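Just protein-v5.cif here, mmCIF, C-alpha atoms (C1' of nucleotides):
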```cif
data_coords
loop_
_atom_site.label_atom_id
_atom_site.label_comp_id
_atom_site.auth_asym_id
_atom_site.auth_seq_id
_atom_site.Cartn_x
_atom_site.Cartn_y
_atom_site.Cartn_z
CA MET A 141 59.69 -4.38 -40.82
CA THR A 142 60.57 -1.52 -43.18
CA GLU A 143 63.08 -2.33 -45.91
CA PRO A 144 66.60 -1.35 -44.81
CA ARG A 145 68.43 1.38 -46.71
CA TRP A 146 71.27 -0.48 -48.46
CA LEU A 147 74.55 1.23 -49.14
CA ASN A 148 74.99 3.39 -52.22
CA ALA A 149 78.13 3.22 -54.36
CA ASP A 150 80.25 5.67 -52.36
CA GLU A 151 79.06 4.30 -49.06
CA ARG A 152 79.92 0.82 -50.15
CA ARG A 153 83.36 1.88 -51.37
CA ALA A 154 84.09 3.76 -48.17
CA TRP A 155 82.92 0.87 -46.04
CA LEU A 156 84.78 -1.86 -47.92
CA ALA A 157 87.95 0.21 -47.88
CA GLN A 158 87.59 0.74 -44.15
CA VAL A 159 87.15 -2.97 -43.50
CA SER A 160 90.22 -3.81 -45.59
CA ILE A 161 92.34 -1.15 -43.92
CA ASN A 162 91.19 -2.41 -40.57
CA THR A 163 92.46 -5.86 -41.39
CA LEU A 164 95.62 -5.14 -43.35
CA LEU A 165 97.11 -2.16 -41.57
CA PRO A 166 97.36 -3.55 -38.03
CA ALA A 167 98.56 -6.85 -39.46
CA ALA A 168 101.41 -5.17 -41.32
CA LEU A 169 102.45 -3.08 -38.32
CA ASP A 170 102.17 -6.05 -35.99
CA THR A 171 104.49 -7.99 -38.24
CA GLN A 172 107.05 -5.21 -38.32
CA LEU A 173 107.04 -4.78 -34.53
CA HIS A 174 107.02 -8.48 -33.93
CA HIS A 175 110.11 -8.94 -36.04
CA ALA A 176 111.85 -6.03 -34.33
CA ARG A 177 111.14 -6.84 -30.68
CA LYS A 178 108.39 -9.44 -30.42
CA LEU A 179 105.62 -7.07 -29.51
CA SER A 180 102.27 -6.16 -31.00
CA LEU A 181 100.95 -2.81 -32.18
CA PHE A 182 98.81 -2.68 -29.09
CA ASP A 183 101.83 -3.31 -26.84
CA TYR A 184 103.63 -0.52 -28.64
CA ASN A 185 100.75 1.88 -28.19
CA VAL A 186 100.64 1.15 -24.47
CA LEU A 187 104.32 1.97 -24.13
CA ALA A 188 103.96 5.03 -26.37
CA MET A 189 101.09 6.47 -24.34
CA LEU A 190 103.02 5.99 -21.13
CA SER A 191 106.13 7.59 -22.61
CA GLU A 192 104.15 10.70 -23.52
CA ALA A 193 102.39 11.00 -20.16
CA ASP A 194 103.53 13.35 -17.40
CA GLY A 195 105.91 11.41 -15.16
CA ARG A 196 105.64 8.44 -17.51
CA PHE A 197 102.74 6.90 -15.64
CA LEU A 198 98.96 6.70 -15.92
CA PRO A 199 96.11 5.07 -14.04
CA MET A 200 95.01 1.84 -15.70
CA SER A 201 91.65 3.38 -16.58
CA GLU A 202 93.19 6.35 -18.28
CA LEU A 203 95.64 4.17 -20.12
CA ALA A 204 92.78 1.98 -21.25
CA ALA A 205 90.96 5.04 -22.57
CA ARG A 206 94.02 6.25 -24.45
CA THR A 207 94.52 2.88 -26.11
CA SER A 208 90.77 2.35 -26.76
CA ALA A 209 90.98 -0.89 -24.87
CA SER A 210 88.97 -2.63 -22.18
CA LEU A 211 90.43 -2.68 -18.70
CA SER A 212 90.58 -6.44 -18.92
CA ARG A 213 92.64 -6.47 -22.07
CA LEU A 214 94.93 -3.81 -20.70
CA SER A 215 95.42 -5.67 -17.44
CA HIS A 216 96.58 -8.80 -19.26
CA VAL A 217 98.94 -6.82 -21.45
CA VAL A 218 100.41 -4.83 -18.58
CA THR A 219 101.12 -8.09 -16.80
CA LYS A 220 103.03 -9.25 -19.84
CA LEU A 221 104.94 -5.97 -20.18
CA GLN A 222 105.69 -6.09 -16.47
CA ASN A 223 107.21 -9.55 -16.88
CA ARG A 224 109.49 -8.12 -19.54
CA GLY A 225 110.57 -5.33 -17.22
CA TRP A 226 109.13 -2.50 -19.28
CA VAL A 227 106.27 -1.46 -17.00
CA GLU A 228 105.63 -1.43 -13.25
CA ARG A 229 102.38 -1.35 -11.33
CA ARG A 230 102.06 0.88 -8.28
CA PRO A 231 99.16 1.73 -6.00
CA HIS A 232 97.78 5.25 -6.23
CA PRO A 233 98.42 7.25 -3.04
CA GLY A 234 95.11 9.12 -3.03
CA ASP A 235 92.70 6.39 -4.10
CA ALA A 236 93.31 2.81 -3.09
CA ARG A 237 91.19 1.47 -5.94
CA VAL A 238 93.53 2.91 -8.53
CA THR A 239 96.58 1.16 -9.94
CA THR A 240 99.05 3.21 -11.93
CA ALA A 241 101.21 1.79 -14.69
CA HIS A 242 104.73 3.25 -14.82
CA LEU A 243 107.12 3.03 -17.73
CA THR A 244 110.50 1.80 -16.52
CA ASP A 245 113.82 3.04 -17.87
CA ALA A 246 114.16 -0.22 -19.78
CA GLY A 247 110.70 0.37 -21.24
CA MET A 248 111.67 3.88 -22.28
CA GLU A 249 114.78 2.59 -23.96
CA THR A 250 112.75 0.00 -25.82
CA ILE A 251 110.27 2.45 -27.20
CA GLU A 252 112.97 4.91 -28.17
CA GLU A 253 114.66 2.11 -30.05
CA LEU A 254 111.43 1.08 -31.74
CA ALA A 255 109.94 4.48 -32.56
CA PRO A 256 111.94 5.40 -35.67
CA GLY A 257 111.17 2.13 -37.43
CA HIS A 258 107.56 2.27 -36.41
CA VAL A 259 107.06 5.83 -37.63
CA GLU A 260 108.72 4.85 -40.88
CA ALA A 261 106.31 1.96 -41.25
CA VAL A 262 103.30 4.19 -40.52
CA ARG A 263 104.53 6.57 -43.19
CA SER A 264 105.23 3.98 -45.82
CA LEU A 265 102.03 1.98 -45.25
CA PHE A 266 99.63 4.82 -44.62
CA LEU A 267 100.67 8.44 -44.90
CA ASP A 268 102.83 8.19 -48.01
CA ALA A 269 99.73 7.20 -49.97
CA LEU A 270 98.18 10.60 -49.26
CA SER A 271 98.56 14.27 -50.15
CA ALA A 272 98.62 16.92 -47.43
CA GLU A 273 94.96 17.71 -48.19
CA ASP A 274 94.08 14.05 -47.94
CA VAL A 275 95.71 13.88 -44.53
CA ALA A 276 93.81 16.94 -43.35
CA ASP A 277 90.52 15.55 -44.70
CA LEU A 278 91.19 12.21 -43.11
CA ALA A 279 91.99 13.79 -39.76
CA ARG A 280 88.70 15.71 -39.86
CA ILE A 281 86.60 12.77 -41.05
CA GLY A 282 88.33 10.31 -38.76
CA GLU A 283 87.62 12.43 -35.73
CA LYS A 284 83.96 12.64 -36.71
CA ILE A 285 83.81 8.86 -36.77
CA VAL A 286 85.63 8.55 -33.47
CA GLY A 287 83.07 10.97 -32.01
CA ARG A 288 80.28 8.68 -33.17
CA LEU A 289 81.91 5.64 -31.63
CA ASP A 290 82.74 7.37 -28.35
CA GLU A 291 81.53 10.87 -27.67
CA ASP A 292 84.06 11.46 -24.90
CA HIS A 293 87.07 9.96 -26.62
CA TRP A 294 90.29 11.53 -25.37
CA ILE A 295 91.64 12.41 -28.80
CA LEU A 296 88.73 14.82 -29.25
CA ARG A 297 89.85 16.69 -26.17
CA GLU A 298 93.38 16.92 -27.55
CA SER A 299 92.48 18.65 -30.79
CA LYS A 300 89.76 20.87 -29.35
CA GLN A 301 92.23 22.41 -26.84
CA SER A 302 89.49 24.77 -25.58
CA MET B 209 121.08 6.82 -38.76
CA THR B 210 119.27 9.95 -39.93
CA GLU B 211 116.71 11.43 -37.55
CA PRO B 212 113.25 10.11 -38.40
CA ARG B 213 110.60 12.55 -39.61
CA TRP B 214 108.06 12.62 -36.77
CA LEU B 215 104.40 13.16 -37.47
CA ASN B 216 103.05 16.69 -37.85
CA ALA B 217 99.76 17.76 -36.26
CA ASP B 218 97.43 16.59 -39.02
CA GLU B 219 99.34 13.38 -39.54
CA ARG B 220 99.16 12.62 -35.87
CA ARG B 221 95.45 13.36 -35.74
CA ALA B 222 94.76 11.22 -38.79
CA TRP B 223 96.86 8.39 -37.43
CA LEU B 224 95.45 8.41 -33.90
CA ALA B 225 91.92 8.53 -35.28
CA GLN B 226 92.67 5.59 -37.53
CA VAL B 227 94.04 3.55 -34.65
CA SER B 228 90.99 4.29 -32.51
CA ILE B 229 88.57 3.48 -35.31
CA ASN B 230 90.44 0.28 -35.92
CA THR B 231 89.91 -0.77 -32.35
CA LEU B 232 86.42 0.51 -31.63
CA LEU B 233 84.53 -0.11 -34.85
CA PRO B 234 85.12 -3.85 -35.27
CA ALA B 235 84.52 -4.33 -31.57
CA ALA B 236 81.12 -2.64 -31.76
CA LEU B 237 80.07 -4.59 -34.84
CA ASP B 238 81.33 -7.84 -33.36
CA THR B 239 79.23 -7.24 -30.30
CA GLN B 240 76.11 -6.57 -32.35
CA LEU B 241 76.56 -9.69 -34.49
CA HIS B 242 77.53 -11.81 -31.55
CA HIS B 243 74.34 -10.86 -29.74
CA ALA B 244 72.25 -11.53 -32.83
CA ARG B 245 73.63 -14.89 -33.94
CA LYS B 246 76.91 -15.60 -32.17
CA LEU B 247 79.16 -14.73 -35.04
CA SER B 248 81.97 -12.27 -35.60
CA LEU B 249 82.32 -9.50 -38.14
CA PHE B 250 84.80 -11.66 -39.99
CA ASP B 251 82.35 -14.58 -40.08
CA TYR B 252 79.73 -12.22 -41.43
CA ASN B 253 82.01 -10.91 -44.15
CA VAL B 254 82.82 -14.44 -45.26
CA LEU B 255 79.13 -15.24 -45.63
CA ALA B 256 78.46 -11.89 -47.30
CA MET B 257 81.19 -12.36 -49.89
CA LEU B 258 79.90 -15.82 -50.74
CA SER B 259 76.33 -14.57 -50.99
CA GLU B 260 77.39 -11.97 -53.56
CA ALA B 261 79.50 -14.34 -55.65
CA ASP B 262 78.25 -16.00 -58.84
CA GLY B 263 76.75 -19.34 -57.88
CA ARG B 264 77.34 -18.53 -54.21
CA PHE B 265 80.76 -20.14 -54.15
CA LEU B 266 84.38 -19.09 -54.36
CA PRO B 267 87.78 -20.77 -54.19
CA MET B 268 89.35 -20.46 -50.76
CA SER B 269 92.11 -18.24 -52.12
CA GLU B 270 89.70 -15.83 -53.73
CA LEU B 271 87.56 -15.75 -50.61
CA ALA B 272 90.67 -15.05 -48.56
CA ALA B 273 91.53 -12.15 -50.88
CA ARG B 274 88.03 -10.70 -50.63
CA THR B 275 88.08 -10.84 -46.85
CA SER B 276 91.69 -9.63 -46.57
CA ALA B 277 92.53 -12.72 -44.58
CA SER B 278 95.24 -15.33 -44.58
CA LEU B 279 94.37 -18.75 -45.97
CA SER B 280 95.05 -20.21 -42.57
CA ARG B 281 92.61 -17.97 -40.79
CA LEU B 282 89.99 -18.55 -43.46
CA SER B 283 90.44 -22.30 -43.30
CA HIS B 284 89.78 -22.36 -39.56
CA VAL B 285 86.73 -20.14 -39.94
CA VAL B 286 85.28 -22.11 -42.83
CA THR B 287 85.59 -25.25 -40.73
CA LYS B 288 83.56 -23.54 -38.03
CA LEU B 289 80.93 -22.27 -40.47
CA GLN B 290 80.77 -25.74 -42.00
CA ASN B 291 80.03 -27.23 -38.60
CA ARG B 292 77.13 -24.82 -38.29
CA GLY B 293 75.78 -25.88 -41.65
CA TRP B 294 76.22 -22.52 -43.36
CA VAL B 295 79.06 -23.40 -45.72
CA GLU B 296 80.22 -26.50 -47.59
CA ARG B 297 83.62 -27.40 -49.01
CA ARG B 298 83.85 -29.01 -52.44
CA PRO B 299 86.80 -29.96 -54.62
CA HIS B 300 87.29 -27.90 -57.79
CA PRO B 301 86.66 -29.99 -60.93
CA GLY B 302 89.41 -28.38 -63.03
CA ASP B 303 92.21 -28.05 -60.48
CA ALA B 304 92.60 -30.59 -57.72
CA ARG B 305 94.55 -28.21 -55.53
CA VAL B 306 91.58 -25.88 -55.26
CA THR B 307 88.84 -26.14 -52.66
CA THR B 308 85.70 -24.10 -53.17
CA ALA B 309 83.54 -22.83 -50.34
CA HIS B 310 79.80 -22.89 -51.07
CA LEU B 311 77.12 -21.01 -49.18
CA THR B 312 74.31 -23.39 -48.21
CA ASP B 313 70.64 -22.45 -48.20
CA ALA B 314 70.79 -22.27 -44.42
CA GLY B 315 73.78 -19.93 -44.72
CA MET B 316 71.89 -17.75 -47.16
CA GLU B 317 68.94 -17.55 -44.81
CA THR B 318 71.22 -16.58 -41.98
CA ILE B 319 72.86 -13.73 -43.80
CA GLU B 320 69.54 -12.45 -45.12
CA GLU B 321 68.29 -12.43 -41.58
CA LEU B 322 71.39 -10.64 -40.33
CA ALA B 323 71.93 -8.11 -43.11
CA PRO B 324 69.36 -5.44 -42.18
CA GLY B 325 70.59 -5.14 -38.61
CA HIS B 326 74.19 -5.14 -39.69
CA VAL B 327 73.68 -2.42 -42.29
CA GLU B 328 71.83 -0.39 -39.69
CA ALA B 329 74.77 -0.76 -37.33
CA VAL B 330 77.25 0.26 -40.03
CA ARG B 331 75.15 3.34 -40.68
CA SER B 332 74.68 4.33 -37.10
CA LEU B 333 78.30 3.73 -36.06
CA PHE B 334 80.05 4.96 -39.16
CA LEU B 335 78.18 6.53 -42.07
CA ASP B 336 75.72 8.63 -40.09
CA ALA B 337 78.64 10.64 -38.74
CA LEU B 338 79.46 11.83 -42.25
CA SER B 339 78.10 14.09 -44.97
CA ALA B 340 77.84 12.86 -48.55
CA GLU B 341 81.05 14.71 -49.40
CA ASP B 342 82.79 13.13 -46.44
CA VAL B 343 81.76 9.71 -47.67
CA ALA B 344 83.05 10.43 -51.16
CA ASP B 345 86.32 11.79 -49.78
CA LEU B 346 86.69 8.80 -47.51
CA ALA B 347 86.04 6.37 -50.36
CA ARG B 348 88.71 8.05 -52.44
CA ILE B 349 91.26 8.31 -49.63
CA GLY B 350 90.48 4.85 -48.30
CA GLU B 351 91.11 3.29 -51.68
CA LYS B 352 94.44 5.08 -51.90
CA ILE B 353 95.46 3.54 -48.60
CA VAL B 354 94.26 0.10 -49.63
CA GLY B 355 96.36 0.47 -52.78
CA ARG B 356 99.40 1.14 -50.63
CA LEU B 357 98.76 -1.88 -48.47
CA ASP B 358 98.05 -4.20 -51.39
CA GLU B 359 98.47 -3.01 -54.96
CA ASP B 360 96.30 -5.76 -56.39
CA HIS B 361 93.50 -5.61 -53.86
CA TRP B 362 90.21 -6.76 -55.37
CA ILE B 363 88.24 -3.69 -54.33
CA LEU B 364 90.42 -1.61 -56.62
CA ARG B 365 89.36 -3.76 -59.56
CA GLU B 366 85.72 -3.25 -58.62
CA SER B 367 85.69 0.52 -58.73
CA LYS B 368 88.01 0.89 -61.73
CA GLN B 369 85.63 -1.17 -63.93
CA SER B 370 87.78 -0.38 -66.97
"C1'" DC C 101 108.52 -37.00 -69.14
"C1'" DC C 102 110.99 -36.11 -64.97
"C1'" DG C 103 112.50 -33.37 -61.25
"C1'" DA C 104 112.22 -28.75 -59.19
"C1'" DT C 105 109.50 -25.01 -57.95
"C1'" DG C 106 105.79 -22.91 -56.25
"C1'" DA C 107 100.60 -22.42 -55.54
"C1'" DA C 108 96.53 -24.00 -52.72
"C1'" DG C 109 95.11 -25.57 -48.64
"C1'" DT C 110 95.11 -27.80 -43.93
"C1'" DT C 111 96.56 -28.61 -39.22
"C1'" DG C 112 98.24 -28.10 -34.32
"C1'" DA C 113 100.50 -25.36 -30.95
"C1'" DA C 114 101.22 -21.13 -28.89
"C1'" DC C 115 99.57 -16.81 -28.09
"C1'" DC C 116 96.10 -13.08 -27.62
"C1'" DG C 117 91.41 -11.03 -26.65
"C1'" DT C 118 86.77 -11.33 -24.60
"C1'" DC C 119 83.51 -12.35 -21.32
"C1'" DA C 120 81.74 -13.17 -16.90
"C1'" DA C 121 82.80 -13.54 -12.17
"C1'" DT C 122 85.04 -11.59 -8.40
"C1'" DC C 123 87.30 -8.37 -5.20
"C1'" DT C 124 88.31 -4.06 -3.03
"C1'" DT C 125 87.40 0.58 -2.06
"C1'" DA C 126 84.92 5.10 -2.75
"C1'" DA C 127 80.72 7.60 -2.96
"C1'" DA C 128 75.89 8.11 -2.38
"C1'" DT C 129 71.66 7.23 0.10
"C1'" DT C 130 69.00 6.88 4.06
"C1'" DA D 188 76.77 5.30 10.74
"C1'" DA D 189 75.03 1.54 7.94
"C1'" DT D 190 73.79 0.06 3.65
"C1'" DT D 191 73.76 0.22 -1.16
"C1'" DT D 192 75.63 1.30 -5.37
"C1'" DA D 193 79.21 2.18 -8.48
"C1'" DA D 194 84.27 2.62 -9.93
"C1'" DG D 195 88.73 0.47 -10.62
"C1'" DA D 196 91.01 -3.51 -11.46
"C1'" DT D 197 92.19 -8.48 -11.80
"C1'" DT D 198 91.65 -13.36 -13.10
"C1'" DG D 199 90.59 -17.82 -15.52
"C1'" DA D 200 88.34 -20.09 -19.06
"C1'" DC D 201 87.09 -20.09 -23.68
"C1'" DG D 202 87.39 -19.08 -28.40
"C1'" DG D 203 89.88 -16.93 -32.15
"C1'" DT D 204 94.37 -15.74 -34.80
"C1'" DT D 205 98.98 -16.50 -36.18
"C1'" DC D 206 102.94 -19.03 -37.33
"C1'" DA D 207 105.44 -22.82 -38.99
"C1'" DA D 208 105.29 -27.31 -40.76
"C1'" DC D 209 103.33 -30.25 -43.91
"C1'" DT D 210 100.58 -32.30 -47.93
"C1'" DT D 211 98.99 -32.36 -52.43
"C1'" DC D 212 98.97 -31.01 -56.97
"C1'" DA D 213 100.10 -28.06 -61.21
"C1'" DT D 214 103.61 -26.16 -64.05
"C1'" DC D 215 107.91 -25.16 -66.04
"C1'" DG D 216 112.65 -26.11 -67.63
"C1'" DG D 217 115.52 -29.44 -69.34
#
```
What does the file become when written as structure tokens?
Amino acid sequence: MTEPRWLNADERRAWLAQVSINTLLPAALDTQLHHARKLSLFDYNVLAMLSEADGRFLPMSELAARTSASLSRLSHVVTKLQNRGWVERRPHPGDARVTTAHLTDAGMETIEELAPGHVEAVRSLFLDALSAEDVADLARIGEKIVGRLDEDHWILRESKQS
Amino acid sequence: MTEPRWLNADERRAWLAQVSINTLLPAALDTQLHHARKLSLFDYNVLAMLSEADGRFLPMSELAARTSASLSRLSHVVTKLQNRGWVERRPHPGDARVTTAHLTDAGMETIEELAPGHVEAVRSLFLDALSAEDVADLARIGEKIVGRLDEDHWILRESKQS
DNA sequence: CCGATGAAGTTGAACCGTCAATCTTAAATT
DNA sequence: AATTTAAGATTGACGGTTCAACTTCATCGG
């Protein structure tokens, strides 16, 4: 029953800013992508991760990790993307439990069409607000936070490149 | 039709970290609050903003601004909180278009009960990853981003205290 | 003082995400 | 080898969010 340590001024500012960014940024990007091709930021990230993967496919579990999503959420979304002809499911040859999600040619075309506008939106809503030092600081700080939320998060492997 | 400027290494790291934080952090806090009292982070923020307001009430529009939400979303949520007895709606005496949301005594008790655990969770998932300088940097950078997303965001008024 | 414009707010439908239950297959235990 | 345990994935129901349509009321220009 000890008194909790409330937030000091900087902590409060950092926290409130984070909450606002969390709400406003995905909303703005969702809107842009929805207008362009009726998909969400999450849909886009799924396609983007597949497009960058070797052979343009990944096991569902790995894809879930790379999009920070639950397997359940991913499964629903892949079903939707499959219905639009952008993704295919195939069984994994070596392990019958595993399903792999493959980006189709149509899916690749879609993301290539969408990428320039999306990158522009990320710049204008996010990166253009910041100096190069800010971006470097934010990368460092952001990865610390990600490490707190998930010690084994894949993006930490990427930048550590041991 | 000029070639888009793709993200450089730091930009990509900052952006990917932001996307992951955006997904994982609200999910973790939602889970904590949902276990404690069956409410979401957004519900909590609504109650928190009311509890900090003069007289424990705010017009719907102002409450929407302070929670970075659409009026529609807020209206649905206030209806839910009203059904639980934590919030009341009242007409505004001066302007008949305005509805004010008031925090009830039961609502106040609820947020006082919830606050210590929530602050602890914010610390352990977010702030404890960072040094004091990190927090200050993040506050500064975060407010820059918020300013990009919404020039007139209320949190910018708070810290400028001119 | 009257009509147009726009702000404040609500509502219902459609869509998305979460949770718990379930299924199949691999690995570990004995 | 049989049994148990855990990993990978899917599904349906439920609750939350968004979008568009609508209502009410204030304000501004004539």
Using the chain letters and numbers from the file, which residues does the PyMOL selection byres ((chain C) within 12 of (chain B)) grab, as a list in words?
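Applying the PyMOL selection byres ((chain C) within 12 of (chain B)) to the structure shown produces DA107, DA108, DG109, DT110, DT111, DG112, DG117, DT118 and DC119 of chain C.
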Cα-based least-squares overlay of chain A on chain B, as a CSV table (one decimal) with C-alpha atoms, in the coordinates of the input:
```csv
chain,number,residue,atom,x,y,z
A,141,MET,CA,121.2,7.0,-38.5
A,142,THR,CA,119.3,10.1,-39.8
A,143,GLU,CA,116.7,11.5,-37.5
A,144,PRO,CA,113.2,10.2,-38.3
A,145,ARG,CA,110.6,12.6,-39.6
A,146,TRP,CA,108.0,12.6,-36.7
A,147,LEU,CA,104.4,13.2,-37.4
A,148,ASN,CA,103.0,16.7,-37.8
A,149,ALA,CA,99.7,17.8,-36.2
A,150,ASP,CA,97.4,16.6,-39.0
A,151,GLU,CA,99.3,13.4,-39.5
A,152,ARG,CA,99.2,12.6,-35.9
A,153,ARG,CA,95.4,13.4,-35.7
A,154,ALA,CA,94.8,11.2,-38.8
A,155,TRP,CA,96.9,8.4,-37.4
A,156,LEU,CA,95.4,8.4,-33.9
A,157,ALA,CA,91.9,8.5,-35.3
A,158,GLN,CA,92.7,5.6,-37.5
A,159,VAL,CA,94.0,3.5,-34.7
A,160,SER,CA,91.0,4.3,-32.5
A,161,ILE,CA,88.6,3.5,-35.3
A,162,ASN,CA,90.4,0.3,-36.0
A,163,THR,CA,89.9,-0.8,-32.4
A,164,LEU,CA,86.4,0.5,-31.7
A,165,LEU,CA,84.5,-0.1,-34.9
A,166,PRO,CA,85.1,-3.9,-35.3
A,167,ALA,CA,84.5,-4.3,-31.6
A,168,ALA,CA,81.1,-2.6,-31.8
A,169,LEU,CA,80.1,-4.6,-34.8
A,170,ASP,CA,81.4,-7.8,-33.4
A,171,THR,CA,79.3,-7.3,-30.3
A,172,GLN,CA,76.1,-6.6,-32.3
A,173,LEU,CA,76.6,-9.7,-34.5
A,174,HIS,CA,77.6,-11.8,-31.6
A,175,HIS,CA,74.4,-10.9,-29.7
A,176,ALA,CA,72.3,-11.5,-32.8
A,177,ARG,CA,73.7,-14.9,-33.9
A,178,LYS,CA,77.0,-15.6,-32.2
A,179,LEU,CA,79.2,-14.7,-35.0
A,180,SER,CA,82.0,-12.3,-35.6
A,181,LEU,CA,82.3,-9.5,-38.2
A,182,PHE,CA,84.8,-11.6,-40.0
A,183,ASP,CA,82.4,-14.6,-40.1
A,184,TYR,CA,79.7,-12.2,-41.4
A,185,ASN,CA,82.0,-10.9,-44.2
A,186,VAL,CA,82.8,-14.4,-45.3
A,187,LEU,CA,79.1,-15.2,-45.6
A,188,ALA,CA,78.5,-11.9,-47.3
A,189,MET,CA,81.2,-12.4,-49.9
A,190,LEU,CA,79.9,-15.8,-50.7
A,191,SER,CA,76.3,-14.6,-51.0
A,192,GLU,CA,77.4,-12.0,-53.6
A,193,ALA,CA,79.5,-14.4,-55.6
A,194,ASP,CA,78.2,-16.0,-58.8
A,195,GLY,CA,76.7,-19.4,-57.8
A,196,ARG,CA,77.3,-18.5,-54.2
A,197,PHE,CA,80.7,-20.1,-54.1
A,198,LEU,CA,84.4,-19.1,-54.4
A,199,PRO,CA,87.8,-20.8,-54.2
A,200,MET,CA,89.3,-20.5,-50.8
A,201,SER,CA,92.1,-18.3,-52.2
A,202,GLU,CA,89.7,-15.9,-53.8
A,203,LEU,CA,87.6,-15.8,-50.6
A,204,ALA,CA,90.6,-15.1,-48.6
A,205,ALA,CA,91.5,-12.2,-50.9
A,206,ARG,CA,88.0,-10.7,-50.7
A,207,THR,CA,88.1,-10.8,-46.9
A,208,SER,CA,91.7,-9.6,-46.6
A,209,ALA,CA,92.5,-12.7,-44.7
A,210,SER,CA,95.2,-15.3,-44.7
A,211,LEU,CA,94.4,-18.7,-46.1
A,212,SER,CA,95.0,-20.2,-42.7
A,213,ARG,CA,92.6,-17.9,-40.9
A,214,LEU,CA,90.0,-18.5,-43.5
A,215,SER,CA,90.4,-22.3,-43.3
A,216,HIS,CA,89.8,-22.3,-39.6
A,217,VAL,CA,86.7,-20.1,-40.0
A,218,VAL,CA,85.3,-22.1,-42.8
A,219,THR,CA,85.6,-25.2,-40.7
A,220,LYS,CA,83.6,-23.5,-38.0
A,221,LEU,CA,80.9,-22.2,-40.5
A,222,GLN,CA,80.8,-25.7,-42.0
A,223,ASN,CA,80.1,-27.2,-38.6
A,224,ARG,CA,77.1,-24.8,-38.3
A,225,GLY,CA,75.8,-25.9,-41.6
A,226,TRP,CA,76.2,-22.5,-43.3
A,227,VAL,CA,79.1,-23.4,-45.7
A,228,GLU,CA,80.2,-26.5,-47.6
A,229,ARG,CA,83.6,-27.4,-49.0
A,230,ARG,CA,83.8,-29.0,-52.4
A,231,PRO,CA,86.7,-29.9,-54.6
A,232,HIS,CA,87.2,-27.9,-57.8
A,233,PRO,CA,86.6,-30.0,-60.9
A,234,GLY,CA,89.4,-28.4,-63.0
A,235,ASP,CA,92.2,-28.1,-60.5
A,236,ALA,CA,92.5,-30.7,-57.8
A,237,ARG,CA,94.5,-28.2,-55.6
A,238,VAL,CA,91.5,-25.9,-55.3
A,239,THR,CA,88.8,-26.2,-52.7
A,240,THR,CA,85.7,-24.1,-53.2
A,241,ALA,CA,83.5,-22.8,-50.3
A,242,HIS,CA,79.8,-22.9,-51.1
A,243,LEU,CA,77.1,-21.0,-49.2
A,244,THR,CA,74.3,-23.4,-48.2
A,245,ASP,CA,70.6,-22.4,-48.2
A,246,ALA,CA,70.8,-22.3,-44.4
A,247,GLY,CA,73.8,-19.9,-44.7
A,248,MET,CA,71.9,-17.7,-47.1
A,249,GLU,CA,68.9,-17.5,-44.8
A,250,THR,CA,71.2,-16.6,-41.9
A,251,ILE,CA,72.9,-13.7,-43.8
A,252,GLU,CA,69.6,-12.5,-45.1
A,253,GLU,CA,68.3,-12.4,-41.5
A,254,LEU,CA,71.4,-10.6,-40.3
A,255,ALA,CA,71.9,-8.1,-43.1
A,256,PRO,CA,69.4,-5.5,-42.2
A,257,GLY,CA,70.6,-5.2,-38.6
A,258,HIS,CA,74.2,-5.1,-39.7
A,259,VAL,CA,73.7,-2.4,-42.3
A,260,GLU,CA,71.8,-0.4,-39.7
A,261,ALA,CA,74.8,-0.8,-37.3
A,262,VAL,CA,77.3,0.3,-40.0
A,263,ARG,CA,75.1,3.3,-40.7
A,264,SER,CA,74.7,4.3,-37.1
A,265,LEU,CA,78.3,3.7,-36.1
A,266,PHE,CA,80.1,5.0,-39.2
A,267,LEU,CA,78.2,6.5,-42.1
A,268,ASP,CA,75.7,8.6,-40.1
A,269,ALA,CA,78.6,10.6,-38.7
A,270,LEU,CA,79.5,11.8,-42.3
A,271,SER,CA,78.1,14.1,-45.0
A,272,ALA,CA,77.8,12.9,-48.6
A,273,GLU,CA,81.1,14.7,-49.4
A,274,ASP,CA,82.8,13.1,-46.5
A,275,VAL,CA,81.8,9.7,-47.7
A,276,ALA,CA,83.0,10.4,-51.2
A,277,ASP,CA,86.3,11.8,-49.8
A,278,LEU,CA,86.7,8.8,-47.5
A,279,ALA,CA,86.0,6.4,-50.4
A,280,ARG,CA,88.7,8.0,-52.4
A,281,ILE,CA,91.3,8.3,-49.6
A,282,GLY,CA,90.5,4.8,-48.3
A,283,GLU,CA,91.1,3.3,-51.7
A,284,LYS,CA,94.5,5.1,-51.9
A,285,ILE,CA,95.5,3.5,-48.6
A,286,VAL,CA,94.3,0.1,-49.6
A,287,GLY,CA,96.4,0.5,-52.8
A,288,ARG,CA,99.4,1.1,-50.6
A,289,LEU,CA,98.8,-1.9,-48.5
A,290,ASP,CA,98.0,-4.2,-51.4
A,291,GLU,CA,98.5,-3.0,-54.9
A,292,ASP,CA,96.3,-5.8,-56.4
A,293,HIS,CA,93.5,-5.6,-53.9
A,294,TRP,CA,90.2,-6.8,-55.4
A,295,ILE,CA,88.3,-3.7,-54.3
A,296,LEU,CA,90.4,-1.6,-56.6
A,297,ARG,CA,89.4,-3.7,-59.5
A,298,GLU,CA,85.7,-3.3,-58.6
A,299,SER,CA,85.7,0.5,-58.7
A,300,LYS,CA,88.0,0.9,-61.7
A,301,GLN,CA,85.7,-1.3,-63.9
A,302,SER,CA,87.9,-0.7,-66.9
```
Mind checking which residues fall within 10 Å of Leu270 (chain A), counting only C-alpha atoms (C1' of nucleotides), ignoring those fewer than 2 positions away in the same chain, and posting them as a list in words?
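Counting only C-alpha atoms (C1' of nucleotides), the residues come to Arg263, Phe266, Leu267, Asp268, Ala272, Glu273, Asp274, Val275, Ala276 and Leu278 of chain A; Ile349, Gly350, Lys352, Ile353 and Arg356 of chain B.
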